[in-house]
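Visitor: Pasting input_5.cif below, which is mmCIF, C-alpha atoms.
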```cif
data_data
#
loop_
_atom_site.label_atom_id
_atom_site.label_comp_id
_atom_site.auth_asym_id
_atom_site.auth_seq_id
_atom_site.Cartn_x
_atom_site.Cartn_y
_atom_site.Cartn_z
CA MET A 6 118.14 223.35 35.54
CA ARG A 7 117.06 226.86 36.48
CA ALA A 8 118.89 229.94 37.74
CA ALA A 9 117.55 233.44 38.44
CA GLU A 10 120.01 235.15 40.78
CA GLY A 11 118.44 233.48 43.80
CA PHE A 12 114.91 234.83 43.33
CA THR A 13 112.46 232.05 44.36
CA GLY A 14 113.29 228.43 45.05
CA ARG A 15 111.68 227.04 41.91
CA ALA A 16 113.58 229.41 39.63
CA ASN A 17 116.90 228.45 41.24
CA SER A 18 116.71 224.68 41.41
CA THR A 19 116.86 221.61 39.22
CA LEU A 20 113.56 219.84 38.70
CA THR A 21 113.97 216.10 39.18
CA CYS A 22 111.34 214.69 36.86
CA GLY A 23 111.85 211.30 35.27
CA ASP A 24 115.08 209.61 34.22
CA PRO A 25 118.01 212.04 33.76
CA GLY A 26 119.69 209.60 31.39
CA VAL A 27 122.69 209.14 33.69
CA PRO A 28 123.10 207.71 37.20
CA ILE A 29 121.57 209.98 39.85
CA PRO A 30 124.92 210.75 41.56
CA GLU A 31 126.30 211.92 38.20
CA ALA A 32 123.20 214.03 37.58
CA LEU A 33 123.57 215.64 41.00
CA ARG A 34 127.19 216.48 40.31
CA ALA A 35 125.96 218.27 37.19
CA VAL A 36 123.47 220.16 39.41
CA GLN A 37 126.34 221.29 41.64
CA ALA A 38 128.44 222.38 38.66
CA PHE A 39 125.50 224.33 37.22
CA ALA A 40 124.92 226.03 40.57
CA ARG A 41 128.60 227.03 40.86
CA ASP A 42 128.56 228.46 37.35
CA HIS A 43 125.49 230.58 38.17
CA GLY A 44 126.38 231.62 41.72
CA ILE A 45 123.44 229.89 43.41
CA LYS A 46 123.07 227.15 46.01
CA PRO A 47 122.94 223.62 44.51
CA THR A 48 119.31 222.58 44.96
CA ALA A 49 117.13 219.76 43.67
CA HIS A 50 113.36 220.26 43.45
CA VAL A 51 112.02 216.82 44.37
CA VAL A 52 108.39 215.65 44.40
CA ASN A 53 107.59 213.72 47.58
CA GLY A 54 107.37 210.00 46.92
CA SER A 55 108.75 210.30 43.38
CA SER A 56 111.17 207.75 41.98
CA PRO A 57 114.24 210.06 42.24
CA GLU A 58 113.67 210.90 45.90
CA ALA A 59 115.29 207.82 47.46
CA ALA A 60 118.19 207.99 45.01
CA VAL A 61 118.79 211.67 45.83
CA GLU A 62 118.91 210.83 49.53
CA ALA A 63 121.18 207.83 48.92
CA ALA A 64 123.57 210.12 47.06
CA GLY A 65 124.15 212.06 50.28
CA TRP A 66 121.71 214.94 49.87
CA ARG A 67 119.33 216.18 52.56
CA VAL A 68 116.14 218.23 52.78
CA ASP A 69 116.88 221.95 52.99
CA LEU A 70 115.24 222.62 56.35
CA ASP A 71 116.48 226.21 56.31
CA HIS A 72 114.86 227.12 53.01
CA PRO A 73 113.28 230.61 53.38
CA GLY A 74 109.93 229.43 52.03
CA GLY A 75 109.79 226.35 54.27
CA ALA A 76 111.04 222.81 53.89
CA GLU A 77 107.94 221.45 52.18
CA SER A 78 105.28 222.90 49.89
CA LEU A 79 101.90 221.77 48.59
CA VAL A 80 100.84 222.07 44.98
CA MET A 81 97.08 222.65 44.95
CA THR A 82 94.68 222.64 42.02
CA GLY A 83 91.02 223.44 41.49
CA PRO A 84 88.39 224.48 38.92
CA LEU A 85 88.27 228.21 38.21
CA GLU A 86 84.51 228.31 37.72
CA LYS A 87 83.99 227.55 41.41
CA PHE A 88 85.39 230.86 42.62
CA ALA A 89 85.58 233.18 39.60
CA GLU A 90 83.96 236.52 40.34
CA GLY A 91 84.70 239.58 38.24
CA VAL A 92 87.64 239.93 35.88
CA ALA A 93 91.06 241.19 36.94
CA GLU A 94 92.81 243.91 34.98
CA SER A 95 96.51 243.39 34.35
CA ARG A 96 98.41 246.48 35.51
CA ASP A 97 102.19 246.54 35.66
CA LEU A 98 102.31 249.03 38.53
CA PRO A 99 105.39 249.95 40.60
CA GLY A 100 103.34 249.17 43.71
CA TRP A 101 102.61 245.68 42.42
CA TRP A 102 106.32 244.92 42.22
CA GLU A 103 107.08 246.55 45.55
CA LEU A 104 104.49 244.41 47.32
CA THR A 105 105.35 241.09 45.65
CA ALA A 106 109.08 241.37 45.01
CA GLY A 107 110.47 244.17 47.18
CA SER A 108 111.53 247.78 46.78
CA GLU A 109 114.53 247.02 44.54
CA VAL A 110 113.25 245.04 41.55
CA THR A 111 115.92 243.20 39.57
CA ALA A 112 115.99 242.05 35.97
CA ALA A 113 115.85 238.45 37.21
CA GLN A 114 112.68 239.16 39.19
CA ARG A 115 111.05 240.76 36.17
CA HIS A 116 112.02 237.78 34.03
CA VAL A 117 110.72 235.19 36.50
CA LEU A 118 107.40 236.94 37.11
CA GLY A 119 106.93 238.34 33.63
CA SER A 120 107.49 235.17 31.62
CA GLY A 121 105.71 231.84 31.37
CA GLY A 122 102.73 232.32 29.11
CA ASN A 123 99.96 234.93 29.09
CA VAL A 124 100.69 236.88 32.30
CA CYS A 125 98.39 239.00 34.47
CA PHE A 126 99.62 241.39 37.16
CA ALA A 127 96.41 241.79 39.16
CA SER A 128 96.01 244.19 42.06
CA LEU A 129 93.62 246.09 44.29
CA THR A 130 94.37 249.72 45.06
CA VAL A 131 93.21 252.39 47.50
CA GLU A 132 93.95 256.00 46.62
CA GLY A 133 96.70 254.91 44.25
CA THR A 134 98.38 252.50 46.67
CA VAL A 135 98.49 248.80 45.82
CA ILE A 136 97.09 246.99 48.85
CA ALA A 137 96.81 243.48 47.39
CA ALA A 138 98.51 241.79 44.45
CA VAL A 139 98.77 238.45 42.70
CA ARG A 140 100.39 237.10 39.55
CA GLY A 141 98.69 234.71 37.15
CA ALA A 142 99.96 233.05 33.98
CA VAL A 143 97.88 230.92 31.62
CA VAL A 144 99.67 228.01 29.97
CA GLU A 145 97.33 225.91 27.81
CA ASP A 146 94.25 225.47 30.02
CA VAL A 147 95.93 226.03 33.41
CA LEU A 148 96.10 229.29 35.34
CA HIS A 149 99.30 229.28 37.39
CA VAL A 150 98.90 231.50 40.48
CA ALA A 151 101.80 233.02 42.42
CA ARG A 152 102.91 235.91 44.66
CA LEU A 153 99.56 236.51 46.35
CA ALA A 154 100.16 239.27 48.90
CA VAL A 155 98.09 241.66 51.00
CA ARG A 156 99.55 244.55 52.98
CA PRO A 157 99.44 243.86 56.74
CA SER A 158 97.31 246.97 57.27
CA HIS A 159 94.57 245.57 55.02
CA ARG A 160 94.47 241.90 55.98
CA ARG A 161 91.39 240.05 57.25
CA GLN A 162 89.14 242.05 54.94
CA GLY A 163 88.55 239.38 52.30
CA LEU A 164 90.89 241.04 49.80
CA ALA A 165 92.82 237.86 48.98
CA ARG A 166 89.58 236.02 48.22
CA ARG A 167 88.31 238.91 46.09
CA LEU A 168 91.55 239.16 44.14
CA MET A 169 91.66 235.40 43.54
CA GLY A 170 88.08 235.57 42.24
CA GLU A 171 88.99 238.33 39.80
CA LEU A 172 92.12 236.50 38.67
CA ALA A 173 90.05 233.36 38.09
CA GLY A 174 87.66 235.40 35.95
CA TRP A 175 90.59 236.66 33.90
CA GLY A 176 91.88 233.11 33.54
CA LEU A 177 88.55 231.87 32.23
CA GLU A 178 88.58 234.62 29.60
CA GLN A 179 92.02 233.40 28.51
CA GLY A 180 90.79 229.82 28.06
CA ALA A 181 91.93 228.34 31.37
CA THR A 182 89.71 225.94 33.29
CA THR A 183 91.94 224.97 36.23
CA CYS A 184 94.27 226.77 38.59
CA ALA A 185 97.53 225.49 40.04
CA LEU A 186 99.46 227.09 42.89
CA GLN A 187 102.14 226.37 45.45
CA VAL A 188 101.88 227.08 49.15
CA ALA A 189 104.21 226.30 52.06
CA GLU A 190 102.87 223.61 54.40
CA HIS A 191 103.16 225.97 57.38
CA ASN A 192 100.99 228.65 55.73
CA GLU A 193 97.74 227.34 57.17
CA PRO A 194 95.64 230.48 56.54
CA ALA A 195 96.50 230.37 52.83
CA ILE A 196 95.79 226.65 52.62
CA ARG A 197 92.39 227.18 54.24
CA LEU A 198 91.60 229.97 51.78
CA TYR A 199 92.49 227.83 48.78
CA GLU A 200 90.48 224.92 50.15
CA GLU A 201 87.47 227.20 50.57
CA LEU A 202 87.90 228.22 46.94
CA GLY A 203 87.62 224.57 45.91
CA CYS A 204 91.30 223.69 45.57
CA SER A 205 92.78 220.45 46.86
CA GLU A 206 96.27 219.04 47.28
CA HIS A 207 97.73 217.49 44.12
CA HIS A 208 101.20 216.66 45.44
CA ARG A 209 104.00 217.96 47.65
CA TYR A 210 107.62 218.75 47.00
CA ARG A 211 110.77 219.57 48.93
CA TYR A 212 114.12 221.13 48.14
CA TRP A 213 117.19 218.92 48.63
CA ILE A 214 120.78 220.12 48.99
CA PRO A 215 124.12 218.35 49.42
CA ALA A 216 124.63 217.17 52.98
CA VAL A 217 128.21 218.41 52.78
CA SER A 218 128.76 221.65 50.89
#
```
Let me see the file written as structure tokens.
Guide:
Amino acid sequence: MRAAEGFTGRANSTLTCGDPGVPIPEALRAVQAFARDHGIKPTAHVVNGSSPEAAVEAAGWRVDLDHPGGAESLVMTGPLEKFAEGVAESRDLPGWWELTAGSEVTAAQRHVLGSGGNVCFASLTVEGTVIAAVRGAVVEDVLHVARLAVRPSHRRQGLARRLMGELAGWGLEQGATTCALQVAEHNEPAIRLYEELGCSEHHRYRYWIPAVS
């Protein structure tokens, strides 16, 4: 069970992975109680086709079609050596946070993006302005990629590809061999980019919420 003041779906949902040790309806009631205690929407992070999925639906939950990030996301993975080029420098710049998290950065946002292993805040700048940013975290031999963003004024210039290449180079230096990332199913340009970098779909997941709040 995860709560972070509403910042990101994954950090504010309960991962349904394996047997909870109690009947699913009881486990989902615990999810709702946890959400109430933390002031967030009760949400279950469910892998498509997993054993809990049918039980979650049978308990009266539904897919959150109004989720800000989209109803369904892909988890993609790929070897870093295929697209590594250069080595990113980790720089905790105000512009990095403004581009990836917004102008008012909260303690929860800093915790979510700053924790989870060996973290890199990679960016590209022009005259002191961050124009592209991405976050990477190495856990064991996997580079987890998140928050890739390019300013609208600088898109379609290959900056996302360049930044991913530099982040992959950083990941290799930290002992990672594989990357893992999440992308909304409707974000076709991002999916195409990751496919061109050698990534492929590993699985999909959706967020489920109670049908009656």
Visitor: Just how far from CA of Arg160 (chain A) is CA of Ser128 (chain A), in Å to one decimal?
Guide: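 If I compute the distance from CA of Ser128 (chain A) to CA of Arg160 (chain A), I get 14.2 Å.
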Visitor: Excluding region 72-83 of chain A and any residue of its chain fewer than 5 positions from it, enumerate the residues within 7 Å of it, using all atoms listed in the file, and give them as a list in words.
Guide: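 Counting all atoms listed in the file, the residues come to Thr183, Cys184, Ala185, Leu186, Gln187, Val188, Ala189, Glu190, Gly203, Cys204, Ser205, Glu206, His207, His208, Arg209, Tyr210, Arg211 and Tyr212 of chain A.
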Visitor: Take the PyMOL selection byres ((chain A and resi 65) around 9), apply it to the structure above, and return the hits as a list in words.
Guide: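 Here the PyMOL selection byres ((chain A and resi 65) around 9) matches Pro30, Ala60, Val61, Glu62, Ala63, Ala64, Trp66, Arg67, Ile214, Pro215, Ala216 and Val217 of chain A.
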Visitor: Find the spatial neighbours of Pro157 (chain A), counting only C-alpha atoms, within a cut-off of 12 Å - ignore same-chain residues fewer than 6 positions away - and output them as a PyMOL selection string.
Guide: chain A and resi 104+136-137+164-165
Visitor: For this file, the PyMOL selection byres ((chain A and resi 17-24) around 9) selects which residues, as a ChimeraX atom specification?
Guide: /A:6-16,25-29,36,40,45-52,55-58,212
Visitor: List the residues selected by the PyMOL selection byres ((chain A and resi 153) around 10) in the file shown, writing them as an mmCIF file with C-alpha atoms, keeping the file's coordinate frame.
Guide:
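result26.cif written:
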```
data_model
loop_
_atom_site.group_PDB
_atom_site.id
_atom_site.type_symbol
_atom_site.label_atom_id
_atom_site.label_comp_id
_atom_site.auth_asym_id
_atom_site.auth_seq_id
_atom_site.Cartn_x
_atom_site.Cartn_y
_atom_site.Cartn_z
ATOM 1 C CA LEU A 104 104.490 244.410 47.320
ATOM 2 C CA THR A 105 105.350 241.090 45.650
ATOM 3 C CA ALA A 127 96.410 241.790 39.160
ATOM 4 C CA SER A 128 96.010 244.190 42.060
ATOM 5 C CA ALA A 137 96.810 243.480 47.390
ATOM 6 C CA ALA A 138 98.510 241.790 44.450
ATOM 7 C CA VAL A 139 98.770 238.450 42.700
ATOM 8 C CA ARG A 140 100.390 237.100 39.550
ATOM 9 C CA GLY A 141 98.690 234.710 37.150
ATOM 10 C CA VAL A 150 98.900 231.500 40.480
ATOM 11 C CA ALA A 151 101.800 233.020 42.420
ATOM 12 C CA ARG A 152 102.910 235.910 44.660
ATOM 13 C CA ALA A 154 100.160 239.270 48.900
ATOM 14 C CA VAL A 155 98.090 241.660 51.000
ATOM 15 C CA ALA A 165 92.820 237.860 48.980
ATOM 16 C CA LEU A 168 91.550 239.160 44.140
ATOM 17 C CA MET A 169 91.660 235.400 43.540
ATOM 18 C CA ALA A 195 96.500 230.370 52.830
#
```
Visitor: Can you work out the spacing between CA of Lys87 (chain A) and CA of His159 (chain A) in Å, to one decimal?
Guide: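 Answer for the CA of Lys87 (chain A) to CA of His159 (chain A) separation: 24.9 Å.
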Visitor: I'd like the interatomic distance between CA of Gly176 (chain A) and CA of Glu193 (chain A), to a tenth of an Å.
Guide: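 Computing the Euclidean distance for CA of Gly176 (chain A) and CA of Glu193 (chain A) yields 25.0 Å.
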Visitor: Taking all atoms listed in the file into account, which of A:Val124, A:Leu198, A:Leu33, A:Val143 comes nearest Asp97 (chain A)?
Guide: A:Val124
Visitor: Can you tell me, as a list of chain:residue names, what residues are no more than 10 Å from Thr134 (chain A) when counting only C-alpha atoms, ignoring any on the same chain fewer than 5 positions away?
Guide: A:Leu98, A:Pro99, A:Gly100, A:Trp101, A:Ser128, A:Leu129
Visitor: Just the residues within 9 Å of Ala142 (chain A), please, counting all atoms listed in the file, with nothing from its chain fewer than 4 positions along; format it as a list in words.
Guide: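 The filter keeps Leu118, Gly119, Ser120, Gly121, Gly122, Asn123, Val124, Cys125, Phe126, Val147, Leu148, His149, Val150, Ala151 and Gly176 of chain A.
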Visitor: Between A:Arg161, A:His43, A:Arg96, A:Arg115, single out the one closest to Thr130 (chain A), counting all atoms listed in the file.
Guide: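 Closest residue, counting all atoms listed in the file: A:Arg96.
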Visitor: Return the single residue from A:Trp102, A:Leu85, A:Trp213, A:Gly174 that is closest to Val68 (chain A), with distances computed using all atoms listed in the file.
Guide: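 The closest residue to Val68 (chain A) is A:Trp213.
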Visitor: Can you pull out every residue within 6 Å of Gly170 (chain A), counting only C-alpha atoms, but drop anything in the same chain fewer than 4 positions away, and send it as an mmCIF file with C-alpha atoms, in the coordinates of the input?
Guide:
```
data_model
loop_
_atom_site.group_PDB
_atom_site.id
_atom_site.type_symbol
_atom_site.label_atom_id
_atom_site.label_comp_id
_atom_site.auth_asym_id
_atom_site.auth_seq_id
_atom_site.Cartn_x
_atom_site.Cartn_y
_atom_site.Cartn_z
ATOM 1 C CA PHE A 88 85.390 230.860 42.620
ATOM 2 C CA ALA A 89 85.580 233.180 39.600
ATOM 3 C CA GLU A 90 83.960 236.520 40.340
#
```
Visitor: Please rebuild region 171-182 of chain A with all heavy atoms and return the result as a PDB file, in the coordinates of the input.
Guide:
```pdb
ATOM      1  N   GLU A 171      88.798 237.530  41.004  1.00  0.00           N
ATOM      2  CA  GLU A 171      88.990 238.330  39.800  1.00  0.00           C
ATOM      3  C   GLU A 171      90.049 237.707  38.883  1.00  0.00           C
ATOM      4  O   GLU A 171      89.908 237.725  37.652  1.00  0.00           O
ATOM      5  CB  GLU A 171      89.369 239.754  40.178  1.00  0.00           C
ATOM      6  CG  GLU A 171      88.243 240.512  40.871  1.00  0.00           C
ATOM      7  CD  GLU A 171      88.606 241.957  41.166  1.00  0.00           C
ATOM      8  OE1 GLU A 171      89.721 242.377  40.815  1.00  0.00           O
ATOM      9  OE2 GLU A 171      87.757 242.663  41.752  1.00  0.00           O
ATOM     10  N   LEU A 172      91.091 237.151  39.480  1.00  0.00           N
ATOM     11  CA  LEU A 172      92.120 236.500  38.670  1.00  0.00           C
ATOM     12  C   LEU A 172      91.545 235.260  37.976  1.00  0.00           C
ATOM     13  O   LEU A 172      91.852 234.982  36.809  1.00  0.00           O
ATOM     14  CB  LEU A 172      93.317 236.111  39.530  1.00  0.00           C
ATOM     15  CG  LEU A 172      94.493 235.480  38.775  1.00  0.00           C
ATOM     16  CD1 LEU A 172      95.097 236.470  37.790  1.00  0.00           C
ATOM     17  CD2 LEU A 172      95.561 234.995  39.756  1.00  0.00           C
ATOM     18  N   ALA A 173      90.690 234.525  38.695  1.00  0.00           N
ATOM     19  CA  ALA A 173      90.050 233.360  38.090  1.00  0.00           C
ATOM     20  C   ALA A 173      89.174 233.772  36.911  1.00  0.00           C
ATOM     21  O   ALA A 173      89.150 233.096  35.877  1.00  0.00           O
ATOM     22  CB  ALA A 173      89.213 232.617  39.131  1.00  0.00           C
ATOM     23  N   GLY A 174      88.472 234.904  37.054  1.00  0.00           N
ATOM     24  CA  GLY A 174      87.660 235.400  35.950  1.00  0.00           C
ATOM     25  C   GLY A 174      88.504 235.748  34.744  1.00  0.00           C
ATOM     26  O   GLY A 174      88.126 235.460  33.596  1.00  0.00           O
ATOM     27  N   TRP A 175      89.653 236.358  34.988  1.00  0.00           N
ATOM     28  CA  TRP A 175      90.590 236.660  33.900  1.00  0.00           C
ATOM     29  C   TRP A 175      91.070 235.371  33.245  1.00  0.00           C
ATOM     30  O   TRP A 175      91.138 235.266  32.023  1.00  0.00           O
ATOM     31  CB  TRP A 175      91.777 237.461  34.436  1.00  0.00           C
ATOM     32  CG  TRP A 175      92.852 237.702  33.412  1.00  0.00           C
ATOM     33  CD1 TRP A 175      92.910 238.705  32.497  1.00  0.00           C
ATOM     34  CD2 TRP A 175      94.031 236.908  33.204  1.00  0.00           C
ATOM     35  NE1 TRP A 175      94.035 238.591  31.724  1.00  0.00           N
ATOM     36  CE2 TRP A 175      94.742 237.491  32.138  1.00  0.00           C
ATOM     37  CE3 TRP A 175      94.539 235.756  33.808  1.00  0.00           C
ATOM     38  CZ2 TRP A 175      95.957 236.970  31.661  1.00  0.00           C
ATOM     39  CZ3 TRP A 175      95.744 235.231  33.341  1.00  0.00           C
ATOM     40  CH2 TRP A 175      96.432 235.831  32.279  1.00  0.00           C
ATOM     41  N   GLY A 176      91.403 234.376  34.081  1.00  0.00           N
ATOM     42  CA  GLY A 176      91.880 233.110  33.540  1.00  0.00           C
ATOM     43  C   GLY A 176      90.863 232.431  32.652  1.00  0.00           C
ATOM     44  O   GLY A 176      91.210 231.884  31.593  1.00  0.00           O
ATOM     45  N   LEU A 177      89.600 232.469  33.056  1.00  0.00           N
ATOM     46  CA  LEU A 177      88.550 231.870  32.230  1.00  0.00           C
ATOM     47  C   LEU A 177      88.472 232.557  30.871  1.00  0.00           C
ATOM     48  O   LEU A 177      88.291 231.903  29.839  1.00  0.00           O
ATOM     49  CB  LEU A 177      87.199 231.961  32.950  1.00  0.00           C
ATOM     50  CG  LEU A 177      86.995 231.028  34.142  1.00  0.00           C
ATOM     51  CD1 LEU A 177      85.687 231.363  34.856  1.00  0.00           C
ATOM     52  CD2 LEU A 177      86.978 229.558  33.697  1.00  0.00           C
ATOM     53  N   GLU A 178      88.616 233.891  30.868  1.00  0.00           N
ATOM     54  CA  GLU A 178      88.580 234.620  29.600  1.00  0.00           C
ATOM     55  C   GLU A 178      89.745 234.244  28.690  1.00  0.00           C
ATOM     56  O   GLU A 178      89.640 234.340  27.467  1.00  0.00           O
ATOM     57  CB  GLU A 178      88.613 236.131  29.862  1.00  0.00           C
ATOM     58  CG  GLU A 178      87.297 236.696  30.371  1.00  0.00           C
ATOM     59  CD  GLU A 178      87.247 238.203  30.226  1.00  0.00           C
ATOM     60  OE1 GLU A 178      88.321 238.822  30.013  1.00  0.00           O
ATOM     61  OE2 GLU A 178      86.139 238.765  30.329  1.00  0.00           O
ATOM     62  N   GLN A 179      90.847 233.783  29.290  1.00  0.00           N
ATOM     63  CA  GLN A 179      92.020 233.400  28.510  1.00  0.00           C
ATOM     64  C   GLN A 179      92.000 231.926  28.102  1.00  0.00           C
ATOM     65  O   GLN A 179      92.957 231.437  27.506  1.00  0.00           O
ATOM     66  CB  GLN A 179      93.309 233.679  29.306  1.00  0.00           C
ATOM     67  CG  GLN A 179      93.419 235.075  29.874  1.00  0.00           C
ATOM     68  CD  GLN A 179      93.237 236.156  28.839  1.00  0.00           C
ATOM     69  OE1 GLN A 179      93.870 236.119  27.790  1.00  0.00           O
ATOM     70  NE2 GLN A 179      92.377 237.134  29.135  1.00  0.00           N
ATOM     71  N   GLY A 180      90.921 231.221  28.450  1.00  0.00           N
ATOM     72  CA  GLY A 180      90.790 229.820  28.060  1.00  0.00           C
ATOM     73  C   GLY A 180      91.208 228.814  29.098  1.00  0.00           C
ATOM     74  O   GLY A 180      91.217 227.601  28.837  1.00  0.00           O
ATOM     75  N   ALA A 181      91.555 229.275  30.300  1.00  0.00           N
ATOM     76  CA  ALA A 181      91.930 228.340  31.370  1.00  0.00           C
ATOM     77  C   ALA A 181      90.683 227.762  32.029  1.00  0.00           C
ATOM     78  O   ALA A 181      89.623 228.397  32.059  1.00  0.00           O
ATOM     79  CB  ALA A 181      92.799 229.041  32.410  1.00  0.00           C
ATOM     80  N   THR A 182      90.802 226.575  32.558  1.00  0.00           N
ATOM     81  CA  THR A 182      89.710 225.940  33.290  1.00  0.00           C
ATOM     82  C   THR A 182      90.114 225.569  34.717  1.00  0.00           C
ATOM     83  O   THR A 182      89.259 225.394  35.581  1.00  0.00           O
ATOM     84  CB  THR A 182      89.256 224.657  32.571  1.00  0.00           C
ATOM     85  OG1 THR A 182      90.358 223.741  32.480  1.00  0.00           O
ATOM     86  CG2 THR A 182      88.750 224.965  31.167  1.00  0.00           C
TER      87      THR A 182
END
```
